[in-house]
Every structure is written in C-alpha cells, then in structure tokens.
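Novice: I have a structure here, written as structure tokens, and I will follow up with some questions on it.
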Amino acid sequence: MTLENLQKDMIAAMKAQEKVRKNVISSLIAAVKKYGIDNGVRNDITEEMTNAVILKELKSAKEQLDTCPAERSDLLQEYKTNYEIIKEYAPAQMGEDEIKALLTEKFADIIATKNKGMIMKTVMAELKGKADGKIINKVVAELCN
C-alpha cells in the first residue's frame, strides 16, 4: 500500500460521505507521515514504510478491541469497525504452512543448529512485515523440537 493510494481512498470516502472510514484512513495517513518525518524522509515514503505503519496501527486496533470491556458495546462496535478498515489496507501475512515451508527450504542449515535465538534473529530479519512474530516463534519452536 502506498501513501498515494491511502490519500485517494480518503478522498473517495469523503466524497461518499463515509465519515468513519475517512477518519480511520486519515489517522493512517497521519501515522505514515509522522513515521516518514521521524526517519528523515518527508516526501519519499516507501511502500515498505507505509506497510510497517499500517501493521503497527492494526496491532494497536486489535489491542483496543481485545481490552475493551464487554459491557461497552458502543465502543466495541467502533473499535471493531476501525480494525476492519485498517485490516483492508494491511499487507497479506504469511500463514503457518508457508512459514514452515520457507524455513525448511531457505534456512535448513540454521535450523539444524537447534539454537532458537540464532534462528529467530536470522528469520525475523527476512520475514519482518510478512508474517506475525508469534506465528514465526511457534513454527521455530516446533522445528527445534
């Protein structure tokens, strides 16, 4: 996802008078721009940077949803809507089977050492933003045993 695509979608949401969608996309754009400024690239924000910010915002939205009390149905609905909108823009994540296949194919020599710390360090550099760290950890633990 690029910043330009987010901006086009925000404009489309404004024209369609979808206030909630526009607000969520607007907050994503603001977070991406802030991340770009913090990293010294005000105008040349890459797609990888945008995806990293979207994944971070998705994780935050999921935490909001998980920690919201059940009796606050109004907030739950709002958080759920926000999560679903952000999820539309998040890059596709690898599944457990895909991770296992990649690890056994590409990192077989490192997995043979059974050193979980070294495996995770090497694998996380390769799969950052492509797969959830918890799933990677689970797969690595299975392969080490």
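By order in the structure tokens, chains are A, B, ...; within a chain, residues start at 1; ligands start at 1, following the order shown.
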Using only C-alpha atoms, what table do you get, as CSV, when you list each residue of segment 46-73 of chain A with an atom no more than 7 Å from segment 20-40 of chain A, its nearest pair of atoms, and their distance in Å rounded to one decimal, rows by chain then rising number?
Specialist:
residue,atom,partner,partner_atom,distance
A:Thr50,CA,A:Val32,CA,5.8
A:Val53,CA,A:Val32,CA,5.9
A:Ile54,CA,A:Leu28,CA,6.8
Novice: Name all residues at most 12 Å from segment 122-136 of chain A (count only C-alpha atoms; drop same-chain ones fewer than 4 positions away) and give them as a VMD selection string.
Specialist: chain A and resid 47 to 56 58 to 59 90 to 104 106 to 111 115 to 118 140 to 143
Novice: Could you write out, as JSON, numbers by chain, all the residues of segment 29-145 of chain A that DSSP marks as helix (DSSP H, G or I)?
Specialist: {"A": [29, 30, 31, 32, 33, 34, 35, 36, 37, 38, 47, 48, 49, 50, 51, 52, 53, 54, 55, 56, 57, 58, 59, 60, 61, 62, 63, 64, 65, 66, 67, 73, 74, 75, 76, 77, 78, 79, 80, 81, 82, 83, 84, 85, 86, 87, 88, 89, 96, 97, 98, 99, 100, 101, 102, 103, 104, 105, 106, 108, 109, 110, 111, 116, 117, 118, 119, 120, 121, 122, 123, 124, 125, 126, 127, 133, 134, 135, 136, 137, 138, 139, 140, 141, 142, 143, 144]}
Novice: Selection from above, C-alpha atoms, as a tab-separated table (two decimals), in the first residue's frame, can you write it?
Specialist:
chain	number	residue	atom	x	y	z
A	29	ILE	CA	-2.05	8.83	6.68
A	30	ALA	CA	-1.02	10.94	9.67
A	31	ALA	CA	0.81	7.99	11.24
A	32	VAL	CA	2.63	7.23	7.96
A	33	LYS	CA	3.67	10.86	7.52
A	34	LYS	CA	4.89	11.06	11.13
A	35	TYR	CA	6.91	7.87	10.64
A	36	GLY	CA	8.42	9.33	7.48
A	37	ILE	CA	9.37	12.56	9.22
A	38	ASP	CA	10.84	10.65	12.17
A	47	GLU	CA	5.72	1.27	0.36
A	48	GLU	CA	7.60	-0.79	2.98
A	49	MET	CA	7.44	2.09	5.44
A	50	THR	CA	3.73	2.53	4.80
A	51	ASN	CA	3.09	-1.19	5.29
A	52	ALA	CA	5.09	-1.21	8.54
A	53	VAL	CA	2.99	1.65	9.92
A	54	ILE	CA	-0.26	0.01	8.82
A	55	LEU	CA	0.73	-3.24	10.57
A	56	LYS	CA	1.59	-1.29	13.73
A	57	GLU	CA	-1.76	0.51	13.64
A	58	LEU	CA	-3.55	-2.82	13.01
A	59	LYS	CA	-1.87	-4.28	16.09
A	60	SER	CA	-2.92	-1.24	18.15
A	61	ALA	CA	-6.51	-1.54	16.92
A	62	LYS	CA	-6.53	-5.26	17.80
A	63	GLU	CA	-5.27	-4.47	21.32
A	64	GLN	CA	-8.02	-1.85	21.72
A	65	LEU	CA	-10.59	-4.39	20.63
A	66	ASP	CA	-9.23	-7.09	22.96
A	67	THR	CA	-9.02	-4.86	26.04
A	73	SER	CA	-20.97	-2.33	23.21
A	74	ASP	CA	-20.79	1.14	21.64
A	75	LEU	CA	-17.00	1.24	21.97
A	76	LEU	CA	-16.66	-2.39	20.91
A	77	GLN	CA	-18.53	-1.68	17.69
A	78	GLU	CA	-16.40	1.40	16.99
A	79	TYR	CA	-13.14	-0.48	17.63
A	80	LYS	CA	-14.30	-3.40	15.50
A	81	THR	CA	-15.13	-1.07	12.60
A	82	ASN	CA	-11.75	0.66	12.89
A	83	TYR	CA	-9.97	-2.71	12.97
A	84	GLU	CA	-11.81	-3.95	9.88
A	85	ILE	CA	-10.99	-0.80	7.90
A	86	ILE	CA	-7.30	-0.92	8.82
A	87	LYS	CA	-7.22	-4.65	8.03
A	88	GLU	CA	-8.26	-3.86	4.44
A	89	TYR	CA	-5.03	-1.91	3.96
A	96	GLU	CA	1.89	-21.14	9.35
A	97	ASP	CA	2.35	-23.62	6.48
A	98	GLU	CA	4.02	-21.01	4.26
A	99	ILE	CA	6.42	-20.05	7.04
A	100	LYS	CA	7.30	-23.67	7.75
A	101	ALA	CA	7.95	-24.34	4.05
A	102	LEU	CA	10.14	-21.24	3.72
A	103	LEU	CA	12.14	-22.04	6.85
A	104	THR	CA	12.81	-25.66	5.91
A	105	GLU	CA	13.79	-24.66	2.38
A	106	LYS	CA	15.82	-21.49	2.93
A	108	ALA	CA	17.69	-25.56	6.84
A	109	ASP	CA	21.35	-25.12	7.84
A	110	ILE	CA	20.48	-22.68	10.64
A	111	ILE	CA	17.57	-24.78	11.87
A	116	LYS	CA	16.31	-20.91	18.74
A	117	GLY	CA	17.76	-17.45	19.43
A	118	MET	CA	20.02	-17.53	16.40
A	119	ILE	CA	17.22	-18.94	14.22
A	120	MET	CA	14.76	-16.23	15.30
A	121	LYS	CA	17.32	-13.47	14.74
A	122	THR	CA	18.03	-14.64	11.20
A	123	VAL	CA	14.43	-15.46	10.28
A	124	MET	CA	12.87	-12.27	11.68
A	125	ALA	CA	15.16	-10.14	9.53
A	126	GLU	CA	13.89	-11.99	6.46
A	127	LEU	CA	10.19	-12.15	7.37
A	133	GLY	CA	6.15	-12.80	15.05
A	134	LYS	CA	4.04	-15.05	17.29
A	135	ILE	CA	3.38	-17.47	14.44
A	136	ILE	CA	7.06	-17.44	13.42
A	137	ASN	CA	8.05	-18.18	17.03
A	138	LYS	CA	5.59	-21.09	17.18
A	139	VAL	CA	6.90	-22.59	13.93
A	140	VAL	CA	10.54	-22.20	15.00
A	141	ALA	CA	9.76	-23.87	18.35
A	142	GLU	CA	8.17	-26.82	16.52
A	143	LEU	CA	11.14	-27.16	14.19
A	144	CYS	CA	13.64	-27.05	17.08
Novice: Considering only C-alpha atoms, state which residue in the set A:Val41, A:Asn145, A:Thr46, A:Ala16 is at the smallest distance from Glu4 of chain A.
Specialist: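 Comparing A:Val41, A:Asn145, A:Thr46, A:Ala16 against Glu4 of chain A, the winner is A:Thr46.
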